[in-house]
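Step one of this worksheet: look at the structure below.
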Amino acid sequence: MTARPTHIGALVARVEDDRLLSGAARFAADISLPGMLEAAFYRSPLPHARIEAVGIGDALDVPGVSGPFTAADMTDVSPFPDFDEFARPVRIFPLARERVRYVGAPIAVVVADDRYRAEDACELLEVDLDPLDPVVTTDAALAPDAPLLYPDWPDNVVIDFPVDNPDANAEFDGRMAVSGRYEVGRHTGVPMETRGVVAEFREGRLTVWSTTQFPHIARTMLSYCLPLDENDIRVIVPDVGGGFGVKAEFYPEEVTIPWLAMRLGRPVRWIEDRREHLLATCHARDLVLDIEAAVDGDGRFRAVRGMAIQDLGAAEMYPYGFSPAFTAIGHITGPYRIPHQSVGLVAVATNKTPCGAYRGFGIPEAAFAIERLMDKAADRLGIGRNEIRRRNLIGQDDIPYTTSAGAIIDSGSHREAFEETVRVTAERVEHWRADLAHDSRIKVGSGVVNYLEGVTPTYYMTTGHWTAFDSCSMRVNPDGTVVVSVGVSTSGQGLESMLVTLTAEALGVRREQVRVVMGDTDRTPYGLGSWGSRSTNVASGALRIASDLLLDKATRIAGHLLEASPEDIEVYDGALSVRGSPGASVTWQQVATAANIRTVDLPEGVEPGLEASATYEPPGIEHVPDEFGRVNAAATYTNASHAAVVSVDTGTGQVRVLEYIVAHDCGTVINPQIVRGQVVGGIAQGIGGALLEQLHYDEWGNPQSTSFLDYHLPGATEIPAMQVLHFESPAPEMPWGAKGAGEAGIIGPAPAIAAAAEDALSDIGIAEINRTPITAPYVLGLIPGS
């Protein structure tokens with residue numbers, strides 16, 4: 001028996017917003033404990049150096065300083081485990097030992113009664129560093145005589161995954177080959193709130209407040225590194241001001257601050273400043289895809305082959321920074337019928353900040369490469385850029401479709417979304433051409449692109465340890481409120497609202513009856529957190545199983561109270577009623593009172609209590625690729641078509657996005673407002689990465705983007721009007737047919753904007769746009785005669 005479907009798709013306000021908007025939220029920086037100390041880190045000013053000595057100097061003379069600490073003091077701390085058997089071991093330690101490998105690496109930490117004094121004392125430390133030759137590019141890292149970042153390695157290669165697929169190679173015989181080298185520049189998530197850790201050790205138990213996206217994984221990692229059993233560690237995630245993947249990493253500070261609390265017997269807090277964030281929080285992208293396609297004369301792609309080359313920075317990041325490269329090659333054929341691929345990867349260490357997760361996680365890089373290659377093939381063959389996509393797109397007749405990378409596409413609206421995007425874009429580009437026709441320097445163009453995104457993926461290829469499941473516990477209190485505890489964790493994306501909606505749908509309760517608990521390892525079942533657009537699917541899967549168990553018991557109790565068969569009980573609007581007898585009903589409060597208090601009212605054989613727990617492993621996921629890199633690494637796949645209408649100033653090269661159109665399909669839409677917010681926010685980040693954001697380094701490995709004066713984020717003037725069109729192709733194997741939507745918006749902007757800029761300048765002809773960011777000087781340099 002199921003509840004009446006009344007909540008799915010309803011346009012209702014997010015339940016968390018009143019608290020967040022009224023200032024009642026509690027972020028890491030708001031946590032203040034009696035006797036709390038503040039920590040500041042001394043970070044390496046050099047990209048590559050041996051640590052000769054770290055002296056305390058006059059640091060202890062600063063009033064209120066409890067002491068500086070180095071790796072030498074952390075004798076009871078273990079390095080991070082190296083789980084991936086295919087990658088070289090990095091042996092990350094919370095504070096640098098023997099050498100530093102990037103500017104910003106933590107060498108020492110100073111604790112004082114306020115942050116200002118801790119910072120002052122840091123400046124008084126006497127740190128002797130012996131500079132070593134830096135390695136700044138992938139080419140330099142791969143050179144035979146390159147300096148080694150890790151002296152016990154034979155070279156700077158962290159992981160090498162060559163692929164040689166003879167079926168793909170055979171497709172190139174007698175066919176046109178179209179090739180390109182596509183680079184997505186180094187940038188990062190830059191959430192509004194930086195990272196933060198607060199720790200307290202009391203009565204043999206450690207409590208850690210962290211801005212992490214995976215509290216249970218963080219607790220397990222702490223137990224691996226600190227001399228504590230996991231049961232003696234509690235991790236709490238306070239309100240988080242954005243994660244975007246950069247908080248789905250386990251950082252050195254997340255071990256150092258708890259260790260300090262244990263060592264000093266006092267609470268310790270560290271809140272990252274923005275300069276630290278740009279130096280020490282994981283960077284992302286910095287991936288080159290060097291690929292070629294075998295193409296028939298009618299524009300149909302037959303195979304793609306090549307290599308992904310990723311700059312991992314110093315590689316001191318867990319989970320591993322090379323996972324996005326695997327995701328990129330898994331998505332390299334996009335939503336197109338390309339029968340074969342042979343794409344390998346090599347990931348190397350350089351003297352830059354370590355790379356890690358960022359929204360999109362390799363898929364924006366893949367989309368940029370294949371969509372650029374699709375445009376190049378169309379131009380070579382004299383076929384329209386939209387037409388070549390039509391000839392290659394997956395259609396309804398193809399589904400279920402297995403891509404050449406092994407992804408199993410069980411649903412989608414690939415052609416339908418594309419055609420609607422093309423139609424709307426054609427109207428809008430003509431409007432803008434007419435509107436800007438008065439300025440001869442301004443050229444207007446448009447570009448339409450497509451992508452496929454695996455959601456609810458395995459975490460095994462990222463962590464080498466965890467897989468894909470998650471958990472949910474549900475309890476009905478005597479007053480009829482439903483407490484839902486889950487293993488996923490929110491960083492502002494509306495998970496509480498989603499869980500309230502699905503609980504109300506599953507149990508037939510009113511939304512205001514539901515209370516959600518997440519982000520606290522003492523109060524929630526073990527789960528893997530929020531990343532990879534997984535939260536809706538894994539949480540709803542576990543929730544649905546738990547709610548079915550709970551509902552089965554509740555209907556038995558209600559049937560007994562109403563002298564009716566449990567099969568005749570239906571739930572709706574907070575009541576359990578006898579089908580066909582509207583006046584015969586009991587409330588959830590009455591049922592829960594019988595279960596928890598008046599157990600004399602329970603039917604024979606029914607145990608007291610009204611709660612249920614469940615785990616959910618998404619079906620169909622594979623965790624390890626085969627020899628050709630093929631793996632169905634995600635439970636389901638979203639699709640979308642993106643279009644940008646841009647203007648290009650031929651005098652300056654400046655590209656301006658005038659309007660943006662997206663047709664997006666994430667299966668069943670649970671909350672349209674939240675989905676739209678996710679898509680629009682992702683597009684804004686994608687525009688930033690496409691046009692503005694870049695983490696620059698000089699030739700010696702010194703970072704040049706350490707503040708918002710140098711790292712350019714999009715503002716309101718760079719974000720255009722957007723049309724978001726929803727398609728719904730329910731995923732047949734997912735609860736309620738939903739798919740993830742958290743990363744969708746960020747994938748399409750770079751290739752769409754690049755195509756639109758080329759279209760705008762098609763009458764004068766420019767060289768191919770093959771890298772991001774697409775800055776004004778870069779575009780101006782592509783214009784003949786500039």
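In the structure tokens, chains take the letters A, B, ... in the order shown, each chain's residues start at 1, and ligands count up from 1 in the order shown.
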Contacts of Gln396 in chain A at 12 Å (only C-alpha atoms; same-chain gap of 5+ positions) as a JSON list (two decimals) with N, CA, C and O atoms, in the first residue's frame:
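Saved file result-v3.json follows:
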[["chain", "number", "residue", "atom", "x", "y", "z"],
["A", 335, "PRO", "N", 26.59, 12.29, -24.75],
["A", 335, "PRO", "CA", 25.33, 11.59, -25.05],
["A", 335, "PRO", "C", 25.24, 11.16, -26.51],
["A", 335, "PRO", "O", 24.16, 11.17, -27.11],
["A", 401, "TYR", "N", 20.92, 2.16, -23.58],
["A", 401, "TYR", "CA", 22.11, 2.28, -24.42],
["A", 401, "TYR", "C", 23.35, 2.19, -23.53],
["A", 401, "TYR", "O", 23.42, 2.84, -22.48],
["A", 409, "ILE", "N", 22.77, 3.77, -20.08],
["A", 409, "ILE", "CA", 21.80, 4.86, -20.11],
["A", 409, "ILE", "C", 20.41, 4.23, -20.18],
["A", 409, "ILE", "O", 20.04, 3.64, -21.20],
["A", 410, "ASP", "N", 19.65, 4.37, -19.09],
["A", 410, "ASP", "CA", 18.35, 3.70, -19.03],
["A", 410, "ASP", "C", 17.17, 4.64, -19.25],
["A", 410, "ASP", "O", 16.02, 4.21, -19.25],
["A", 411, "SER", "N", 17.44, 5.92, -19.43],
["A", 411, "SER", "CA", 16.36, 6.89, -19.63],
["A", 411, "SER", "C", 16.99, 8.20, -20.07],
["A", 411, "SER", "O", 18.21, 8.38, -19.99],
["A", 412, "GLY", "N", 16.16, 9.12, -20.53],
["A", 412, "GLY", "CA", 16.68, 10.42, -20.92],
["A", 412, "GLY", "C", 15.85, 11.06, -22.02],
["A", 412, "GLY", "O", 15.00, 10.43, -22.65],
["A", 413, "SER", "N", 16.12, 12.32, -22.26],
["A", 413, "SER", "CA", 15.42, 13.10, -23.30],
["A", 413, "SER", "C", 16.45, 13.83, -24.15],
["A", 413, "SER", "O", 16.34, 15.04, -24.37],
["A", 414, "HIS", "N", 17.46, 13.12, -24.59],
["A", 414, "HIS", "CA", 18.62, 13.73, -25.22],
["A", 414, "HIS", "C", 18.24, 14.53, -26.48],
["A", 414, "HIS", "O", 18.62, 15.70, -26.61],
["A", 415, "ARG", "N", 17.50, 13.93, -27.37],
["A", 415, "ARG", "CA", 17.12, 14.65, -28.60],
["A", 415, "ARG", "C", 16.05, 15.69, -28.33],
["A", 415, "ARG", "O", 16.07, 16.78, -28.92],
["A", 416, "GLU", "N", 15.10, 15.37, -27.47],
["A", 416, "GLU", "CA", 14.00, 16.29, -27.20],
["A", 416, "GLU", "C", 14.53, 17.58, -26.54],
["A", 416, "GLU", "O", 14.14, 18.69, -26.92],
["A", 417, "ALA", "N", 15.42, 17.42, -25.56],
["A", 417, "ALA", "CA", 15.99, 18.59, -24.91],
["A", 417, "ALA", "C", 16.82, 19.41, -25.89],
["A", 417, "ALA", "O", 16.78, 20.65, -25.88],
["A", 729, "SER", "N", 12.43, 12.54, -17.40],
["A", 729, "SER", "CA", 12.50, 11.14, -17.83],
["A", 729, "SER", "C", 12.86, 10.32, -16.61],
["A", 729, "SER", "O", 14.04, 10.19, -16.26]]
Residues within 7 Å of range 303-316 of chain A, only C-alpha atoms, excluding chain neighbours under 4 positions, as number ranges by chain:
A: 90, 92, 101-102, 138, 168, 171, 286-294, 321-322, 325, 338-355
Distance criterion (only C-alpha atoms): nearest to Leu393 in chain A out of A:Gly580, A:Gly445, A:Gly299, A:Gly196:
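Answer, going by the shortest atom-to-atom distance: A:Gly299.
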Report as a PyMOL selection string all protein, DNA and RNA residues lying within 6 Å of range 609-612 of chain A, evaluated on only C-alpha atoms, omitting residues in the same chain fewer than 4 positions from it.
chain A and resi 473-476+546+550+595-596
Identify which of the residues A:Ala407, A:Leu11, A:Ala87, A:Ala741 lies closest to His331 in chain A, counting only C-alpha atoms when measuring atom-to-atom distances.
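The answer is A:Ala407, which sits nearest to His331 in chain A.
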Tell me which protein, DNA and RNA residues are within 8 Å of range 671-688 of chain A, counting only C-alpha atoms, leaving out same-chain ones fewer than 5 positions away, and put them as a list in words.
Ile8, Gly9, Ala10, Leu11, Val12, Ala13, Arg14, Gln493, Gly494, Met498, Glu693, His712, Leu713, Pro714, Ile719, Met722, Val724, Ala741, Gly742, Glu743, Ala744, Gly745, Ile746, Ile747, Gly748, Pro749 and Ala750 of chain A
Please list as JSON, numbers by chain every residue within 12 Å of Leu709 in chain A, counting only C-alpha atoms and excluding residues in the same chain fewer than 5 positions away.
{"A": [274, 275, 278, 693, 695, 704]}
Can you list, as a PyMOL selection string, every residue of range 479-550 of chain A that DSSP puts in helix (DSSP H, G or I)?
chain A and resi 495-507+511-513+535-550
Looking only at strand (DSSP E) from DSSP on the backbone, list the matching residues of range 155-184 of chain A as a ChimeraX atom specification.
/A:157-161,176-184
Save out the residues we just selected, N, CA, C and O atoms, as a PDB file, in the first residue's frame.
ATOM      1  N   VAL A 157      55.095  10.522 -11.799  1.00  0.00           N
ATOM      2  CA  VAL A 157      53.796   9.997 -12.189  1.00  0.00           C
ATOM      3  C   VAL A 157      53.116   9.381 -10.969  1.00  0.00           C
ATOM      4  O   VAL A 157      53.639   8.457 -10.348  1.00  0.00           O
ATOM      5  N   VAL A 158      51.907   9.910 -10.653  1.00  0.00           N
ATOM      6  CA  VAL A 158      51.139   9.374  -9.533  1.00  0.00           C
ATOM      7  C   VAL A 158      50.375   8.134  -9.963  1.00  0.00           C
ATOM      8  O   VAL A 158      50.345   7.120  -9.261  1.00  0.00           O
ATOM      9  N   ILE A 159      49.768   8.200 -11.141  1.00  0.00           N
ATOM     10  CA  ILE A 159      49.047   7.041 -11.672  1.00  0.00           C
ATOM     11  C   ILE A 159      49.111   7.089 -13.186  1.00  0.00           C
ATOM     12  O   ILE A 159      49.012   8.151 -13.801  1.00  0.00           O
ATOM     13  N   ASP A 160      49.314   5.936 -13.772  1.00  0.00           N
ATOM     14  CA  ASP A 160      49.388   5.803 -15.232  1.00  0.00           C
ATOM     15  C   ASP A 160      48.411   4.709 -15.636  1.00  0.00           C
ATOM     16  O   ASP A 160      48.521   3.569 -15.180  1.00  0.00           O
ATOM     17  N   PHE A 161      47.426   5.073 -16.463  1.00  0.00           N
ATOM     18  CA  PHE A 161      46.389   4.124 -16.865  1.00  0.00           C
ATOM     19  C   PHE A 161      46.287   4.139 -18.394  1.00  0.00           C
ATOM     20  O   PHE A 161      45.409   4.773 -18.978  1.00  0.00           O
ATOM     21  N   MET A 176      38.099   9.844 -41.893  1.00  0.00           N
ATOM     22  CA  MET A 176      38.669  11.130 -41.533  1.00  0.00           C
ATOM     23  C   MET A 176      38.945  11.164 -40.033  1.00  0.00           C
ATOM     24  O   MET A 176      38.108  10.742 -39.227  1.00  0.00           O
ATOM     25  N   ALA A 177      40.102  11.647 -39.663  1.00  0.00           N
ATOM     26  CA  ALA A 177      40.453  11.825 -38.254  1.00  0.00           C
ATOM     27  C   ALA A 177      40.436  13.311 -37.925  1.00  0.00           C
ATOM     28  O   ALA A 177      41.020  14.130 -38.640  1.00  0.00           O
ATOM     29  N   VAL A 178      39.734  13.639 -36.868  1.00  0.00           N
ATOM     30  CA  VAL A 178      39.671  15.021 -36.391  1.00  0.00           C
ATOM     31  C   VAL A 178      40.269  15.031 -34.991  1.00  0.00           C
ATOM     32  O   VAL A 178      39.855  14.247 -34.126  1.00  0.00           O
ATOM     33  N   SER A 179      41.238  15.892 -34.769  1.00  0.00           N
ATOM     34  CA  SER A 179      41.948  15.863 -33.487  1.00  0.00           C
ATOM     35  C   SER A 179      41.986  17.240 -32.851  1.00  0.00           C
ATOM     36  O   SER A 179      41.794  18.270 -33.514  1.00  0.00           O
ATOM     37  N   GLY A 180      42.230  17.246 -31.551  1.00  0.00           N
ATOM     38  CA  GLY A 180      42.367  18.502 -30.821  1.00  0.00           C
ATOM     39  C   GLY A 180      42.975  18.262 -29.461  1.00  0.00           C
ATOM     40  O   GLY A 180      42.922  17.153 -28.914  1.00  0.00           O
ATOM     41  N   ARG A 181      43.556  19.305 -28.922  1.00  0.00           N
ATOM     42  CA  ARG A 181      44.128  19.276 -27.577  1.00  0.00           C
ATOM     43  C   ARG A 181      43.387  20.331 -26.767  1.00  0.00           C
ATOM     44  O   ARG A 181      43.505  21.532 -27.060  1.00  0.00           O
ATOM     45  N   TYR A 182      42.626  19.903 -25.775  1.00  0.00           N
ATOM     46  CA  TYR A 182      41.705  20.778 -25.071  1.00  0.00           C
ATOM     47  C   TYR A 182      42.087  20.853 -23.597  1.00  0.00           C
ATOM     48  O   TYR A 182      42.248  19.826 -22.930  1.00  0.00           O
ATOM     49  N   GLU A 183      42.215  22.066 -23.127  1.00  0.00           N
ATOM     50  CA  GLU A 183      42.714  22.301 -21.775  1.00  0.00           C
ATOM     51  C   GLU A 183      41.703  23.108 -20.972  1.00  0.00           C
ATOM     52  O   GLU A 183      41.267  24.188 -21.396  1.00  0.00           O
ATOM     53  N   VAL A 184      41.324  22.589 -19.830  1.00  0.00           N
ATOM     54  CA  VAL A 184      40.480  23.328 -18.888  1.00  0.00           C
ATOM     55  C   VAL A 184      41.378  23.789 -17.750  1.00  0.00           C
ATOM     56  O   VAL A 184      42.003  22.979 -17.066  1.00  0.00           O
TER      57      VAL A 184
END
Identify which of the residues A:Ile370, A:Ala28, A:Leu132, A:Ile569 lies closest to Pro151 in chain A, counting only C-alpha atoms when measuring atom-to-atom distances.
A:Leu132
Determine, for each residue of range 418-447 of chain A having at least one atom at most 10 Å from an atom of range 631-642 of chain A, the closest pair of atoms and their separation in Å to one decimal, counting only C-alpha atoms; order by chain and ascending number, as a tab-separated table.
residue	atom	partner	partner_atom	distance
A:Phe418	CA	A:Ser641	CA	5.3
A:Glu419	CA	A:Ser641	CA	8.8
A:Glu420	CA	A:Ser641	CA	8.8
A:Thr421	CA	A:Ser641	CA	6.5
A:Val422	CA	A:Ser641	CA	8.8
A:Thr425	CA	A:His642	CA	9.6
A:Gly447	CA	A:His642	CA	8.2
Nearest to Ile51 in chain A, chosen from A:Asp164, A:Asp18, A:Glu38, A:Glu98, with only C-alpha atoms counted in the distances:
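That would be A:Glu98, the residue with the smallest distance to Ile51 in chain A.
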As a list in words, please: the residues near Glu193 in chain A (cut-off 12 Å, only C-alpha atoms, same-chain neighbours under 4 positions excluded).
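So, after excluding close chain neighbours, the residues are Phe27, Ala28, Ala29, Asp30, Gly189, Thr211, Thr212, Pro238, Asp239, Val240, Gly241, Gly242, Gly243, Phe244, Val246, Lys247, Ile271, Glu272, Asp273, Arg274, His277, Ser491 and Gly492 of chain A.
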Within 6 Å of Ile332 in chain A using only C-alpha atoms, minus same-chain residues under 3 positions, as a VMD selection string
chain A and resid 328 to 329 366
Smallest atom-to-atom distance to Ser547 in chain A: which of A:Val578, A:Val516, A:Ala218, A:Val484, using only C-alpha atoms?
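Answer, going by the shortest atom-to-atom distance: A:Val484.
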Which one is closest to Gly629 in chain A: A:Ala170, A:Val163, A:Cys225, A:Ala378? Count only C-alpha atoms.
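Residue with the minimum atom-to-atom distance to Gly629 in chain A: A:Val163.
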